[in-house]
file run-v2.cif (mmCIF, C-alpha atoms and all ligand atoms)
data_entry
#
loop_
_atom_site.label_atom_id
_atom_site.label_comp_id
_atom_site.auth_asym_id
_atom_site.auth_seq_id
_atom_site.Cartn_x
_atom_site.Cartn_y
_atom_site.Cartn_z
CA MET J 1 -10.41 15.40 -13.23
CA HIS J 2 -7.01 17.10 -13.43
CA ASP J 3 -4.65 14.70 -15.24
CA TYR J 4 -1.42 16.06 -13.68
CA ALA J 5 0.35 15.65 -17.04
CA ASP J 6 3.24 17.82 -15.83
CA ILE J 7 3.78 15.79 -12.66
CA ARG J 8 3.50 12.51 -14.55
CA GLU J 9 6.13 13.69 -17.02
CA GLU J 10 8.54 14.60 -14.21
CA VAL J 11 7.91 11.32 -12.36
CA ALA J 12 8.49 9.40 -15.60
CA LYS J 13 11.85 11.20 -16.05
CA LEU J 14 12.89 10.31 -12.52
CA CYS J 15 11.84 6.69 -13.04
CA GLN J 16 13.92 6.44 -16.20
CA GLN J 17 17.00 6.75 -14.00
CA PHE J 18 15.92 3.44 -12.42
CA PRO J 19 15.56 1.03 -15.34
CA GLY J 20 14.83 -2.70 -15.33
CA GLU J 21 18.46 -3.61 -14.51
CA TYR J 22 18.20 -1.63 -11.27
CA TRP J 23 15.02 -3.42 -10.16
CA ARG J 24 16.28 -6.83 -11.24
CA ALA J 25 19.42 -6.44 -9.14
CA LYS J 26 17.35 -5.39 -6.11
CA ASP J 27 14.99 -8.30 -6.70
CA ARG J 28 17.89 -10.77 -6.96
CA GLU J 29 19.51 -9.48 -3.79
CA ARG J 30 16.19 -8.89 -2.01
CA ALA J 31 17.54 -5.41 -1.32
CA TYR J 32 15.58 -2.26 -0.54
CA PRO J 33 15.60 0.30 -3.38
CA THR J 34 17.09 3.01 -1.16
CA GLU J 35 18.38 5.13 -4.08
CA PHE J 36 14.96 5.20 -5.74
CA VAL J 37 13.13 6.05 -2.51
CA THR J 38 15.67 8.76 -1.69
CA ALA J 39 15.27 10.27 -5.16
CA LEU J 40 11.48 10.33 -4.78
CA ALA J 41 11.74 11.86 -1.30
CA GLU J 42 14.25 14.49 -2.43
CA ALA J 43 12.00 15.47 -5.34
CA GLY J 44 9.18 15.92 -2.79
CA TYR J 45 6.87 13.24 -4.19
CA LEU J 46 6.52 11.32 -0.93
CA ALA J 47 5.32 14.53 0.72
CA ALA J 48 2.62 15.04 -1.92
CA LEU J 49 -0.23 14.85 0.60
CA ILE J 50 1.44 16.77 3.44
CA PRO J 51 -0.05 20.28 3.62
CA GLU J 52 2.16 23.18 2.54
CA GLU J 53 2.20 24.65 6.05
CA PHE J 54 4.17 21.55 7.12
CA GLY J 55 6.50 21.67 4.12
CA GLY J 56 4.69 19.25 1.80
CA ALA J 57 3.21 19.79 -1.65
CA GLY J 58 -0.36 19.95 -0.31
CA LEU J 59 -1.71 18.10 -3.34
CA PRO J 60 -5.17 16.57 -3.32
CA ILE J 61 -5.29 12.79 -3.31
CA SER J 62 -5.63 12.65 -7.12
CA GLY J 63 -2.11 14.15 -7.34
CA ALA J 64 -0.71 11.36 -5.18
CA ALA J 65 -2.62 8.80 -7.27
CA ALA J 66 -1.06 10.22 -10.46
CA ILE J 67 2.44 9.92 -8.95
CA LEU J 68 1.96 6.31 -7.85
CA GLU J 69 0.26 5.25 -11.09
CA GLU J 70 3.13 6.71 -13.11
CA ILE J 71 5.77 4.96 -10.96
CA GLN J 72 4.15 1.59 -11.68
CA ARG J 73 3.53 2.43 -15.33
CA GLN J 74 7.25 3.04 -15.77
CA GLY J 75 8.06 -0.43 -14.42
CA CYS J 76 9.25 0.76 -11.00
CA ASN J 77 7.76 -0.34 -7.68
CA GLY J 78 6.05 2.18 -5.41
CA GLY J 79 5.43 -0.59 -2.88
CA ALA J 80 8.83 0.32 -1.47
CA CYS J 81 7.52 3.63 -0.18
CA HIS J 82 3.81 4.21 -0.90
CA ALA J 83 2.87 4.00 2.78
CA GLN J 84 4.83 7.17 3.50
CA MET J 85 2.26 9.01 1.40
CA TYR J 86 -0.83 7.90 3.25
CA ILE J 87 -0.10 6.65 6.75
CA MET J 88 0.88 10.15 7.81
CA GLY J 89 -2.85 10.99 7.26
CA THR J 90 -3.60 9.50 10.69
CA LEU J 91 -1.08 11.88 12.28
CA LEU J 92 -2.38 14.79 10.20
CA ARG J 93 -6.05 14.22 11.03
CA HIS J 94 -5.81 13.00 14.61
CA GLY J 95 -2.40 14.08 15.96
CA SER J 96 -1.96 17.01 18.34
CA ASP J 97 -0.56 20.34 17.09
CA ALA J 98 2.70 19.55 18.92
CA GLN J 99 3.00 16.11 17.25
CA LYS J 100 2.28 17.55 13.81
CA ALA J 101 4.81 20.34 14.28
CA GLU J 102 7.42 17.89 15.51
CA TYR J 103 7.08 15.20 12.85
CA LEU J 104 5.37 16.38 9.68
CA PRO J 105 7.98 18.91 8.50
CA ARG J 106 10.75 16.33 8.92
CA ILE J 107 8.69 13.65 7.17
CA ALA J 108 8.11 16.15 4.36
CA THR J 109 11.85 16.72 3.84
CA GLY J 110 12.57 12.99 3.98
CA GLU J 111 14.70 13.38 7.12
CA LEU J 112 12.27 11.11 8.97
CA ARG J 113 10.85 8.07 7.19
CA LEU J 114 7.34 7.05 8.22
CA GLN J 115 7.09 3.86 6.20
CA ALA J 116 6.05 1.22 8.73
CA PHE J 117 2.45 0.44 9.57
CA GLY J 118 1.92 -2.15 12.32
CA VAL J 119 -1.65 -3.45 12.19
CA THR J 120 -1.74 -7.10 11.04
CA GLU J 121 -0.92 -9.86 13.55
CA PRO J 122 -0.32 -13.56 12.92
CA THR J 123 -3.31 -14.83 14.87
CA SER J 124 -5.87 -12.12 14.12
CA GLY J 125 -5.15 -11.40 10.42
CA THR J 126 -8.03 -9.54 8.80
CA ASP J 127 -9.97 -9.61 12.09
CA THR J 128 -8.24 -6.45 13.33
CA LEU J 129 -10.39 -6.09 16.45
CA ALA J 130 -9.01 -9.43 17.68
CA LEU J 131 -5.41 -8.19 17.71
CA LYS J 132 -3.45 -9.11 20.83
CA THR J 133 -0.58 -6.64 21.09
CA THR J 134 -1.13 -4.64 24.26
CA ALA J 135 0.00 -1.19 25.39
CA LYS J 136 -0.33 -0.66 29.14
CA ARG J 137 0.03 2.76 30.72
CA ASP J 138 2.91 3.04 33.21
CA GLY J 139 3.56 6.61 34.34
CA ASP J 140 4.63 8.72 31.37
CA ASN J 141 4.98 5.66 29.13
CA TYR J 142 3.02 2.85 27.60
CA VAL J 143 4.59 -0.59 27.79
CA VAL J 144 4.03 -2.57 24.59
CA ASN J 145 4.06 -6.36 24.35
CA GLY J 146 3.08 -8.59 21.44
CA GLN J 147 3.83 -9.21 17.80
CA LYS J 148 2.97 -7.87 14.36
CA ILE J 149 3.43 -9.59 11.02
CA TRP J 150 3.83 -8.24 7.50
CA THR J 151 5.13 -4.96 8.85
CA SER J 152 6.62 -3.87 5.57
CA ARG J 153 9.65 -1.58 5.35
CA ALA J 154 10.23 -1.74 9.15
CA GLU J 155 14.00 -1.95 8.57
CA HIS J 156 13.85 1.15 6.38
CA SER J 157 11.72 3.39 8.52
CA ASP J 158 12.41 5.75 11.41
CA LEU J 159 8.85 5.75 12.66
CA MET J 160 6.10 3.17 12.91
CA LEU J 161 2.40 3.79 13.22
CA LEU J 162 1.31 1.09 15.65
CA LEU J 163 -2.17 -0.14 16.56
CA ALA J 164 -2.32 -1.84 19.97
CA ARG J 165 -4.95 -2.75 22.54
CA THR J 166 -5.11 -0.41 25.55
CA THR J 167 -8.36 -1.76 27.05
CA PRO J 168 -9.09 -5.49 27.22
CA ARG J 169 -11.70 -6.42 24.61
CA GLU J 170 -14.29 -7.50 27.18
CA GLN J 171 -13.96 -4.20 29.08
CA ALA J 172 -14.26 -1.88 26.07
CA ALA J 173 -17.44 0.22 26.01
CA ARG J 174 -17.99 -0.62 22.34
CA ARG J 175 -16.78 -3.44 20.10
CA THR J 176 -14.68 -0.98 18.07
CA GLU J 177 -13.11 0.76 21.08
CA GLY J 178 -10.12 -0.13 23.22
CA LEU J 179 -7.44 0.06 20.50
CA SER J 180 -5.01 2.98 20.33
CA VAL J 181 -2.54 4.35 17.80
CA PHE J 182 1.06 5.23 18.66
CA LEU J 183 3.90 6.76 16.77
CA VAL J 184 6.87 4.57 17.68
CA ASP J 185 10.35 5.99 17.22
CA MET J 186 12.10 2.93 15.81
CA ARG J 187 15.54 4.49 15.99
CA THR J 188 15.53 4.16 19.76
CA ALA J 189 13.15 1.18 20.00
CA VAL J 190 15.20 -1.39 18.07
CA GLY J 191 17.26 -3.32 20.61
CA ASN J 192 15.26 -1.83 23.49
CA GLY J 193 12.15 -3.97 23.31
CA LEU J 194 11.62 -4.00 19.54
CA THR J 195 13.03 -6.78 17.37
CA ILE J 196 12.59 -6.94 13.60
CA ARG J 197 12.83 -10.17 11.64
CA PRO J 198 12.64 -10.08 7.82
CA ILE J 199 10.25 -12.44 6.00
CA GLU J 200 11.33 -13.84 2.66
CA THR J 201 8.50 -13.49 0.14
CA MET J 202 7.86 -14.26 -3.54
CA MET J 203 8.63 -10.66 -4.45
CA ASN J 204 11.06 -8.09 -3.11
CA HIS J 205 8.89 -6.27 -0.57
CA SER J 206 11.08 -5.78 2.53
CA THR J 207 8.37 -7.11 4.77
CA THR J 208 9.02 -8.26 8.33
CA GLU J 209 7.62 -9.51 11.58
CA VAL J 210 8.20 -7.35 14.63
CA PHE J 211 8.23 -8.37 18.26
CA PHE J 212 7.54 -6.11 21.22
CA ASP J 213 8.98 -7.12 24.57
CA ASN J 214 8.26 -4.45 27.19
CA LEU J 215 8.92 -1.68 24.67
CA ARG J 216 8.42 1.68 26.38
CA VAL J 217 6.67 4.26 24.22
CA PRO J 218 6.27 7.77 25.66
CA ALA J 219 2.63 8.64 26.37
CA ALA J 220 3.29 11.80 24.34
CA ASN J 221 3.38 9.53 21.27
CA LEU J 222 -0.23 8.41 21.64
CA ILE J 223 -2.16 9.77 18.68
CA GLY J 224 -5.55 11.28 19.46
CA GLU J 225 -7.62 9.75 22.23
CA GLU J 226 -6.82 6.48 23.93
CA GLY J 227 -9.21 3.74 22.81
CA GLN J 228 -10.21 5.40 19.52
CA GLY J 229 -7.40 4.02 17.37
CA PHE J 230 -9.47 1.64 15.26
CA ARG J 231 -11.59 4.56 14.04
CA TYR J 232 -8.45 6.58 13.18
CA ILE J 233 -6.94 3.71 11.21
CA LEU J 234 -10.19 3.05 9.35
CA SER J 235 -10.43 6.70 8.32
CA GLY J 236 -7.21 6.33 6.34
CA MET J 237 -8.10 3.09 4.61
CA ASN J 238 -10.16 4.52 1.78
CA ALA J 239 -7.24 6.73 0.77
CA GLU J 240 -4.94 3.71 0.91
CA ARG J 241 -7.30 1.62 -1.25
CA LEU J 242 -7.65 4.35 -3.88
CA LEU J 243 -3.90 4.88 -4.07
CA ILE J 244 -3.14 1.16 -4.33
CA ALA J 245 -5.84 0.93 -7.03
CA ALA J 246 -4.05 3.70 -8.94
CA GLU J 247 -0.82 1.67 -8.66
CA CYS J 248 -2.60 -1.38 -10.10
CA VAL J 249 -3.89 0.72 -13.01
CA GLY J 250 -0.26 1.76 -13.63
CA ASP J 251 0.85 -1.89 -13.53
CA ALA J 252 -1.93 -2.86 -15.95
CA LYS J 253 -0.84 -0.12 -18.39
CA TRP J 254 2.76 -1.31 -18.21
CA PHE J 255 1.77 -4.92 -18.94
CA ILE J 256 -0.58 -3.88 -21.77
CA ASP J 257 2.07 -1.67 -23.41
CA LYS J 258 4.60 -4.51 -23.24
CA ALA J 259 2.16 -7.15 -24.47
CA SER J 260 0.71 -5.15 -27.37
CA GLY J 261 4.18 -3.92 -28.38
CA TYR J 262 5.59 -7.45 -28.47
CA ALA J 263 2.51 -8.82 -30.26
CA LYS J 264 3.11 -6.33 -33.07
CA GLU J 265 6.81 -7.17 -33.41
CA ARG J 266 7.11 -10.90 -32.91
CA VAL J 267 6.74 -12.60 -36.29
CA LEU J 268 5.92 -16.31 -36.52
CA PHE J 269 4.37 -18.20 -39.42
CA ASN J 270 5.13 -15.11 -41.53
CA ARG J 271 2.91 -12.75 -39.56
CA PRO J 272 3.00 -10.83 -36.30
CA ILE J 273 1.56 -12.94 -33.49
CA GLY J 274 -0.71 -9.96 -32.69
CA GLN J 275 -2.57 -10.63 -35.92
CA ASN J 276 -4.06 -13.72 -34.27
CA GLN J 277 -7.22 -13.01 -32.33
CA GLY J 278 -6.18 -15.63 -29.77
CA VAL J 279 -3.29 -13.31 -28.92
CA GLN J 280 -5.17 -10.02 -29.34
CA PHE J 281 -8.24 -10.77 -27.28
CA PRO J 282 -6.73 -11.36 -23.81
CA ILE J 283 -4.78 -8.10 -24.19
CA ALA J 284 -7.86 -6.21 -25.43
CA ARG J 285 -9.93 -7.65 -22.58
CA ALA J 286 -7.32 -6.64 -20.00
CA TYR J 287 -7.33 -3.14 -21.53
CA ALA J 288 -11.12 -2.95 -21.17
CA GLN J 289 -10.86 -4.15 -17.54
CA MET J 290 -8.16 -1.56 -16.84
CA ARG J 291 -10.23 1.29 -18.32
CA ALA J 292 -13.27 0.33 -16.24
CA ALA J 293 -11.13 0.16 -13.10
CA GLU J 294 -9.52 3.49 -13.95
CA LEU J 295 -12.95 5.14 -14.20
CA MET J 296 -13.87 3.80 -10.78
CA VAL J 297 -10.56 5.05 -9.34
CA HIS J 298 -11.32 8.52 -10.77
CA GLU J 299 -14.84 8.46 -9.37
CA GLY J 300 -13.47 7.47 -5.96
CA LEU J 301 -10.84 10.23 -6.06
CA ARG J 302 -13.48 12.78 -7.12
CA LYS J 303 -15.81 11.87 -4.26
CA TYR J 304 -12.93 11.74 -1.76
CA GLU J 305 -11.87 15.25 -2.74
CA ALA J 306 -15.48 16.46 -2.52
CA GLY J 307 -15.59 15.14 1.06
CA GLU J 308 -18.26 12.57 0.19
CA ALA J 309 -18.55 9.03 1.54
CA VAL J 310 -16.30 6.91 -0.62
CA GLY J 311 -16.23 3.43 0.95
CA GLU J 312 -18.10 1.83 -1.95
CA GLU J 313 -15.94 3.38 -4.68
CA ALA J 314 -12.63 2.89 -2.85
CA ASN J 315 -13.32 -0.79 -2.29
CA ILE J 316 -14.65 -1.47 -5.78
CA ALA J 317 -11.78 0.48 -7.36
CA LYS J 318 -9.22 -1.53 -5.40
CA MET J 319 -10.81 -4.84 -6.35
CA LEU J 320 -11.30 -4.06 -10.05
CA ALA J 321 -7.86 -2.51 -10.45
CA ALA J 322 -6.10 -5.45 -8.76
CA GLU J 323 -8.01 -7.86 -11.01
CA ALA J 324 -7.22 -5.77 -14.11
CA SER J 325 -3.49 -5.67 -13.34
CA TRP J 326 -3.49 -9.43 -12.80
CA ALA J 327 -5.38 -10.05 -16.07
CA ALA J 328 -2.93 -7.76 -17.88
CA GLY J 329 0.04 -9.56 -16.29
CA GLU J 330 -1.37 -12.92 -17.32
CA ALA J 331 -1.95 -11.73 -20.91
CA CYS J 332 1.55 -10.23 -20.99
CA ILE J 333 3.27 -13.47 -19.92
CA GLN J 334 1.21 -15.53 -22.34
CA THR J 335 1.93 -13.16 -25.25
CA HIS J 336 5.66 -13.38 -24.59
CA GLY J 337 5.64 -17.18 -24.53
CA GLY J 338 8.87 -18.47 -22.98
CA PHE J 339 10.43 -15.01 -22.90
CA GLY J 340 7.78 -13.95 -20.37
CA PHE J 341 9.62 -16.12 -17.86
CA ALA J 342 13.05 -14.64 -18.52
CA ALA J 343 14.01 -12.20 -15.76
CA GLU J 344 15.53 -9.71 -18.23
CA TYR J 345 12.08 -8.87 -19.63
CA ASP J 346 10.92 -7.72 -16.15
CA ILE J 347 7.50 -9.26 -16.78
CA GLU J 348 7.82 -12.12 -14.32
CA ARG J 349 9.03 -9.65 -11.66
CA LYS J 350 6.08 -7.30 -12.18
CA PHE J 351 3.76 -10.33 -12.32
CA ARG J 352 4.92 -11.41 -8.86
CA GLU J 353 4.73 -7.86 -7.54
CA THR J 354 1.21 -7.09 -8.73
CA ARG J 355 -0.27 -10.36 -7.40
CA LEU J 356 0.01 -9.01 -3.87
CA TYR J 357 -2.79 -6.51 -4.34
CA GLN J 358 -5.55 -9.08 -4.41
CA VAL J 359 -4.56 -9.95 -0.83
CA ALA J 360 -3.15 -6.75 0.69
CA PRO J 361 -3.96 -4.31 2.10
CA ILE J 362 -7.39 -5.95 2.02
CA SER J 363 -8.30 -9.20 0.32
CA THR J 364 -10.95 -9.53 -2.38
CA ASN J 365 -13.33 -11.54 -0.19
CA MET J 366 -13.45 -8.80 2.41
CA ILE J 367 -14.26 -6.24 -0.29
CA LEU J 368 -17.07 -8.42 -1.62
CA SER J 369 -18.43 -8.85 1.86
CA PHE J 370 -18.28 -5.05 2.37
CA ILE J 371 -20.30 -4.55 -0.84
CA ALA J 372 -22.77 -7.29 0.09
CA GLU J 373 -23.37 -5.93 3.56
CA HIS J 374 -22.90 -2.17 3.35
CA VAL J 375 -23.99 -1.44 -0.21
CA LEU J 376 -26.57 -4.14 -0.86
CA GLY J 377 -27.86 -4.48 2.70
CA MET J 378 -27.45 -8.26 2.95
CA PRO J 379 -26.83 -9.83 6.37
CA ARG J 380 -23.38 -9.55 7.93
CA SER J 381 -21.52 -12.76 7.21
CA TYR J 382 -18.86 -12.69 9.92
C1 LIG F 401 3.76 -8.57 1.29
C2 LIG F 401 2.77 -8.10 2.31
C3 LIG F 401 2.89 -6.82 2.84
C4 LIG F 401 2.00 -6.40 3.83
N1 LIG F 401 2.23 -5.19 4.44
C5 LIG F 401 1.52 -4.88 5.56
C6 LIG F 401 1.88 -3.77 6.38
O1 LIG F 401 2.82 -3.00 6.06
N2 LIG F 401 1.20 -3.56 7.53
C7 LIG F 401 0.18 -4.36 7.94
O2 LIG F 401 -0.39 -4.13 9.00
N3 LIG F 401 -0.20 -5.44 7.18
C8 LIG F 401 0.45 -5.72 6.02
N4 LIG F 401 0.11 -6.83 5.26
C9 LIG F 401 -0.97 -7.68 5.74
C10 LIG F 401 -2.17 -7.72 4.81
O3 LIG F 401 -2.93 -6.55 4.97
C11 LIG F 401 -2.92 -9.00 5.13
O4 LIG F 401 -2.13 -10.09 4.64
C12 LIG F 401 -4.26 -9.03 4.53
O5 LIG F 401 -5.08 -8.06 5.11
C13 LIG F 401 -4.92 -10.43 4.73
O6 LIG F 401 -4.80 -10.82 6.07
P1 LIG F 401 -4.14 -12.24 6.45
O7 LIG F 401 -2.92 -12.41 5.66
O8 LIG F 401 -4.03 -12.33 7.91
O9 LIG F 401 -5.21 -13.27 5.94
P2 LIG F 401 -6.40 -13.88 6.79
O10 LIG F 401 -7.13 -12.79 7.50
O11 LIG F 401 -5.87 -15.01 7.57
O12 LIG F 401 -7.34 -14.43 5.63
C14 LIG F 401 -6.96 -15.57 4.83
C15 LIG F 401 -7.95 -15.70 3.68
O13 LIG F 401 -9.26 -15.95 4.20
C16 LIG F 401 -10.18 -15.02 3.65
N5 LIG F 401 -11.18 -14.67 4.69
C17 LIG F 401 -10.94 -14.35 5.98
N6 LIG F 401 -12.09 -14.08 6.62
C18 LIG F 401 -13.08 -14.22 5.70
C19 LIG F 401 -14.49 -14.04 5.73
N7 LIG F 401 -15.13 -13.67 6.85
N8 LIG F 401 -15.19 -14.26 4.59
C20 LIG F 401 -14.56 -14.64 3.46
N9 LIG F 401 -13.22 -14.81 3.36
C21 LIG F 401 -12.49 -14.60 4.46
C22 LIG F 401 -9.36 -13.80 3.27
O14 LIG F 401 -10.00 -13.08 2.26
C23 LIG F 401 -8.05 -14.43 2.82
O15 LIG F 401 -8.12 -14.77 1.47
C24 LIG F 401 0.95 -7.24 4.23
C25 LIG F 401 0.79 -8.51 3.64
C26 LIG F 401 1.69 -8.95 2.71
C27 LIG F 401 1.54 -10.34 2.15
#
call {"tool": "encode", "arguments": {"input": "run-v2.cif", "output": "structure tokens"}}
result
Amino acid sequence: MHDYADIREEVAKLCQQFPGEYWRAKDRERAYPTEFVTALAEAGYLAALIPEEFGGAGLPISGAAAILEEIQRQGCNGGACHAQMYIMGTLLRHGSDAQKAEYLPRIATGELRLQAFGVTEPTSGTDTLALKTTAKRDGDNYVVNGQKIWTSRAEHSDLMLLLARTTPREQAARRTEGLSVFLVDMRTAVGNGLTIRPIETMMNHSTTEVFFDNLRVPAANLIGEEGQGFRYILSGMNAERLLIAAECVGDAKWFIDKASGYAKERVLFNRPIGQNQGVQFPIARAYAQMRAAELMVHEGLRKYEAGEAVGEEANIAKMLAAEASWAAGEACIQTHGGFGFAAEYDIERKFRETRLYQVAPISTNMILSFIAEHVLGMPRSY
């Protein structure tokens, strides 16, 4: 697989302009890293997956994975903007020519931010088909009512990709039909039926809940066919899982570099602490876990680019990489002793940030149940 050494080097240079002090200040203030996201957008990285005909870089998914992995490896946080890379895939694959021409070039230049992805709801959670937000056709508009939760970056996005029910569940022809995807223009929606309320979380993630109260969305903003939205959203999830897995590999590398570096330098009892196997082994184990996860990420990216079915690899890669980054974070804190808890080392911040990926965008249990059912053929458990 192409290692994108040139792109990684450039991304690393950009990231060096945003050192630990920058991220600590944002974390303290729970502020969005606008300068970092703008720099990435201006350098074209957020348009990595947008085809050249629409003004993007037209890179294969492995290029986007290299960018995100490097961002995390440098101690930055791609969670502030990673969705812009992959949620536009739904528009690209299922949008009309007119929609693509209208939005993609402006997303590619960074003029329009497509960062918000409204799927999860408070009552339905992982059970996406049970979501309750409705979109009812009324002339040239759909009228949206309901609520989403964990809609990250909603306050820092111009557009939201929204999944809502257009046919009542009991009237849908199939279990997976009756949901539709819309591109909501948040610039006009906020204050006209759309309210955003930030949620304070353990890490700085700019996540929110959003409320729809008779929000009118032009029918022209329906993506693809009415009722087929669940299928469209699912088709983008393997890309999302592979890219988040690449971010976790980057986090794991950052933690391992920090931990092994400190273990070599910190001298106690007249020897570096890294001379003790009790210190070495958790770091070495995390390294082994990271390498195994990295191989699975590469295999998933390879199959994705070859157009092969990749559900198994994308799910396994996401699970292994999230576990590897957590193991590496744990080893890193332990190696640093008390200093691991001091904000100025950035470890506790990264530790909080990387924990998310065992829950979002899909939790470990759901991955295991996918493997059990779809790979191993055991009975469906839910
Ligand atoms: C910081 C943050 C950012 C997020 N950003 C977004 C976003 O931008 N857009 C968006 O749409 N969503 C977003 N999410 C939502 C995220 O995808 C969900 O939190 C995640 O999918 C889990 O859903 P839930 O929180 O509703 O948990 P639930 O579905 O309530 O599940 C709770 C627990 O029960 C387990 N569980 C549930 N059912 C089963 C079962 N059948 N078998 C075994 N275990 C089960 C789950 O694994 C989980 O551990 C975000 C979440 C967070 C915390």
call {"tool": "atom_distance", "arguments": {"input": "run-v2.cif", "atom1": "atom CA of J:Gly146", "atom2": "atom CA of J:Tyr86"}}
result
24.9 Å
call {"tool": "closest_residue", "arguments": {"input": "run-v2.cif", "among": "J:Glu348, J:Glu121, J:Glu70, J:Glu9", "to": "ligand LIG 401 (chain F)", "atoms": "all atoms listed in the file"}}
result
J:Glu121
call {"tool": "closest_atom_pairs", "arguments": {"input": "run-v2.cif", "of": "chain J", "to": "ligand LIG 401 (chain F)", "cutoff": "8 Å", "atoms": "only C-alpha atoms and all ligand atoms", "output": "CSV"}}
result
residue,atom,partner,partner_atom,distance
J:Ala83,CA,F:LIG401,O1,7.7
J:Ala116,CA,F:LIG401,O1,5.9
J:Phe117,CA,F:LIG401,N2,4.7
J:Gly118,CA,F:LIG401,O2,4.5
J:Val119,CA,F:LIG401,O2,3.5
J:Thr120,CA,F:LIG401,O2,3.8
J:Glu121,CA,F:LIG401,O8,6.9
J:Pro122,CA,F:LIG401,O8,6.4
J:Thr123,CA,F:LIG401,O8,7.4
J:Ser124,CA,F:LIG401,O8,6.5
J:Gly125,CA,F:LIG401,O8,2.9
J:Thr126,CA,F:LIG401,O10,3.6
J:Asp127,CA,F:LIG401,O10,6.3
J:Lys148,CA,F:LIG401,O2,7.3
J:Ile149,CA,F:LIG401,N3,6.7
J:Trp150,CA,F:LIG401,C8,4.5
J:Thr151,CA,F:LIG401,O1,4.1
J:Ser152,CA,F:LIG401,O1,3.9
J:Arg153,CA,F:LIG401,O1,7.0
J:Thr201,CA,F:LIG401,C1,6.9
J:Met203,CA,F:LIG401,C1,7.8
J:His205,CA,F:LIG401,C1,5.9
J:Ser206,CA,F:LIG401,C1,7.9
J:Thr207,CA,F:LIG401,C3,5.8
J:Leu356,CA,F:LIG401,C27,6.4
J:Val359,CA,F:LIG401,C12,5.4
J:Ala360,CA,F:LIG401,O3,4.3
J:Pro361,CA,F:LIG401,O3,3.8
J:Ile362,CA,F:LIG401,O5,4.4
J:Ser363,CA,F:LIG401,O14,4.7
J:Thr364,CA,F:LIG401,O14,5.9
J:Asn365,CA,F:LIG401,O14,4.4
J:Met366,CA,F:LIG401,O14,5.5
J:Ser369,CA,F:LIG401,N8,6.9
J:Ser381,CA,F:LIG401,N7,6.5
J:Tyr382,CA,F:LIG401,N7,4.9
call {"tool": "residues_around", "arguments": {"input": "run-v2.cif", "residues": "stretch 282-291 of chain J", "least_positions_apart": "6", "cutoff": "8 Å", "atoms": "all atoms listed in the file", "output": "list in words"}}
result
Val249, Ala252, Lys253, Ile256, Ala259, Ser260, Leu320, Ala321, Ala324, Ser325, Ala327, Ala328, Ala331 and Cys332 of chain J
call {"tool": "closest_residue", "arguments": {"input": "run-v2.cif", "among": "J:Phe339, J:Glu353, J:Glu344, J:Ala372", "to": "J:Ala25", "atoms": "only C-alpha atoms"}}
result
J:Glu344
call {"tool": "residues_near_point", "arguments": {"input": "run-v2.cif", "point": "(12.9, -5.3, 30.4)", "cutoff": "12 Å", "atoms": "all atoms listed in the file", "output": "ChimeraX atom specification"}}
result
/J:143-145,191-194,212-216
call {"tool": "residues_around", "arguments": {"input": "run-v2.cif", "residues": "J:Ile347", "least_positions_apart": "2", "cutoff": "8 Å", "atoms": "all atoms listed in the file", "output": "count of residues only"}}
result
12
call {"tool": "closest_residue", "arguments": {"input": "run-v2.cif", "among": "J:Pro105, J:Gly337, J:Gly95, J:Pro218", "to": "J:Tyr232", "atoms": "only C-alpha atoms"}}
result
J:Gly95
call {"tool": "atom_distance", "arguments": {"input": "run-v2.cif", "atom1": "atom CA of J:Gly75", "atom2": "atom CA of J:Gly110"}}
result
23.2 Å
call {"tool": "residues_around", "arguments": {"input": "run-v2.cif", "residues": "J:Gln84", "least_positions_apart": "6", "cutoff": "7 Å", "atoms": "all atoms listed in the file", "output": "ChimeraX atom specification"}}
result
/J:46,114-115
call {"tool": "closest_residue", "arguments": {"input": "run-v2.cif", "among": "J:Ser157, J:Asn276, J:Thr34, J:Asn141", "to": "J:Ala220", "atoms": "all atoms listed in the file"}}
result
J:Asn141
call {"tool": "atom_distance", "arguments": {"input": "run-v2.cif", "atom1": "atom CA of J:Asn270", "atom2": "atom CA of J:Asp257"}}
result
22.8 Å
call {"tool": "residues_around", "arguments": {"input": "run-v2.cif", "residues": "J:Ala173", "least_positions_apart": "5", "cutoff": "12 Å", "atoms": "all atoms listed in the file", "output": "PyMOL selection string"}}
result
chain J and resi 167-168+178-179+227-228
call {"tool": "write_last_selection", "arguments": {"input": "run-v2.cif", "atoms": "C-alpha atoms", "output": "tab-separated table (two decimals), in the frame of the given file"}}
result
chain	number	residue	atom	x	y	z
J	167	THR	CA	-8.36	-1.76	27.05
J	168	PRO	CA	-9.09	-5.49	27.22
J	178	GLY	CA	-10.12	-0.13	23.22
J	179	LEU	CA	-7.44	0.06	20.50
J	227	GLY	CA	-9.21	3.74	22.81
J	228	GLN	CA	-10.21	5.40	19.52
call {"tool": "closest_residue", "arguments": {"input": "run-v2.cif", "among": "J:Leu222, J:Leu243, J:Ile71, J:Ala135", "to": "J:Gln16", "atoms": "only C-alpha atoms"}}
result
J:Ile71
